[in-house]
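Asks: Pasting a structure here, questions to come.
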Amino acid sequence: MERVGGSDRGVDTLAAQEYGADAGILFGLNSRWNAYKKLTENPIDFYSVAYSSLGVEHGSSLLDIGCASGSGIETVYREFDHTGPIVGVDIVSDPFLLQTAVNDTLIKAKNEMELVLASADELPFGDNTFDNTFAMFSLYHVLQPERALAEIQRVTVPGGKIAISTSGEGNKQWHRLFEERIAGYIREQTIFSGYSDIEVPPIFANRFSLTDAAKLLPEYFEVEDVLTQNDALIIRDLDDFFTYGFSLLSARANYKPVPPIELWNKAIEEVVVPVIAALIEEQGRFSDLVHRSVFLLSNKK
Ligand SMILES: C[S@@+](CC[C@H](N)C(=O)[O-])C[C@H]1O[C@@H](n2cnc3c(N)ncnc32)[C@H](O)[C@@H]1O
């Protein structure tokens, strides 16, 4: 695979600066993602959907932007026996995540797959390098999604198949509310000086929402289809709650400044647990809307 530019660490970009390409944050993002996969009612594997709907051909090359632990890449190998090179890109710098990616499937497929540390807005590949490009639930993490779209257009062949996904309005409203209430609780704890003006992390999806995607994508690509799904994250018992609590922990590293873990746990206990416990008591479950969509595109340059 031809590589052009990019530093060895591949993280010298705006997006990486925001995250600090920090292992804690990236590990957190991944655990949150896994929690949502576990707790949503009707999880759809958007990698499978995109691969089959776009009619990705065996032997063709595939770039996966924001590949995280590589589970999407794994799906493609496992379910479709894909042949042809697959490259996963992420700003992840945590060896734990990369290690997770090297699971059995990937070891078998290793000759044809590669994980590259780089950012979506500065891809270290030449023009027209890939036949297909996927960016699944990753572009709303990028500070300037337009830069990533221009990069995707550049590195994908003309007419190449592209899948880009995002979340819609109303997505994870409870999660957002909890993040604000946690910040409110922490602000009140003036005893911990320095945390009285703590900043709540930005809503990622607002950077590249379904509305933004519908507006921006046609500037770069031919839109073939848009698939959307309303799902719900459900908590029914203590076990589910632990998974959810762990996923909320991922948000901690995004607060500025990062609150101490003891204070964080206290906030969860005071402002999250009572709400969820009351809803389970009254309705048998806590539920938060999860709205996802995937745009199936072809490269129109
Ligand atoms: C929600 S996860 C999605 C993982 C996977 N694509 C999936 O759909 O299962 C988002 C991923 O995007 C990565 N990411 C965030 N900003 C990025 C950037 N600027 N360039 C590449 N990857 C990025 C994160 O590290 C994380 O692994």
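Order determines the names: the first chain of the structure tokens is A, the second B, and so forth; residues in each chain are numbered 1 upward, and ligands are numbered 1 upward as they are shown.
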Could you report the residues within 6 Å of ligand 1, using only C-alpha atoms and all ligand atoms, as an NGL selection string?

Replies: :A and (15 or 26 or 30 or 33 or 65-68 or 72 or 89-92 or 119-120 or 136-138 or 141-142)

Asks: As an exercise, work out the distance from CA of Gly55 (chain A) to CA of Glu222 (chain A) in Å and give it to one decimal place.

Replies: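 Calculated distance between CA of Gly55 (chain A) and CA of Glu222 (chain A) is 15.5 Å.
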
Asks: I'd like to know which residues of region 118-300 of chain A are alpha helix (DSSP H) (by DSSP, run on the backbone); could you write them as a ChimeraX atom specification?

Replies: /A:145-155,173-188,210-220,238-252,261-267,273-283

Asks: Contacts of Ser61 (chain A) at 6 Å or less, counting only C-alpha atoms, minus same-chain residues fewer than 5 places along, as a PyMOL selection string?

Replies: chain A and resi 84-86+130-131

Asks: Write to file, as an mmCIF file, in the first residue's frame, the residues of the selection just made, with N, CA and C atoms.

Replies:
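Heads up, here's the output in part-v1.cif:
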```
data_model
loop_
_atom_site.group_PDB
_atom_site.id
_atom_site.type_symbol
_atom_site.label_atom_id
_atom_site.label_comp_id
_atom_site.auth_asym_id
_atom_site.auth_seq_id
_atom_site.Cartn_x
_atom_site.Cartn_y
_atom_site.Cartn_z
ATOM 1 N N GLY A 84 -8.351 -9.584 -0.528
ATOM 2 C CA GLY A 84 -7.938 -8.235 -0.920
ATOM 3 C C GLY A 84 -7.525 -7.461 0.314
ATOM 4 N N PRO A 85 -6.663 -6.481 0.108
ATOM 5 C CA PRO A 85 -6.096 -5.759 1.241
ATOM 6 C C PRO A 85 -7.106 -4.888 1.990
ATOM 7 N N ILE A 86 -7.040 -4.951 3.317
ATOM 8 C CA ILE A 86 -7.852 -4.051 4.137
ATOM 9 C C ILE A 86 -6.911 -3.275 5.049
ATOM 10 N N PHE A 130 -7.557 3.322 -2.756
ATOM 11 C CA PHE A 130 -8.509 2.292 -2.309
ATOM 12 C C PHE A 130 -9.728 2.179 -3.232
ATOM 13 N N ASP A 131 -10.202 0.925 -3.390
ATOM 14 C CA ASP A 131 -11.424 0.707 -4.179
ATOM 15 C C ASP A 131 -12.659 1.065 -3.365
#
```

Asks: In region 101-236 of chain A, what's strand (DSSP E) per DSSP? Answer as a PyMOL selection string?

Replies: chain A and resi 113-117+130-135+156-167+221-235

Asks: Please determine, counting only C-alpha atoms, which residue among A:Val49, A:Met113, A:Ala267, A:Leu279 has the shortest atom-to-atom distance to Phe295 (chain A).

Replies: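 Among the listed residues, A:Val49 lies closest to Phe295 (chain A).
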
Asks: What does the distance from CA of Gly88 (chain A) to CA of Gly70 (chain A) come to in Å, to one decimal?

Replies: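 It comes out at 7.1 Å.
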
Asks: Between A:Leu248, A:Ile268, A:Leu227, A:Val56, which is the closest to Thr166 (chain A) once you count only C-alpha atoms?

Replies: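 Among the listed residues, the smallest separation from Thr166 (chain A) belongs to A:Leu227.
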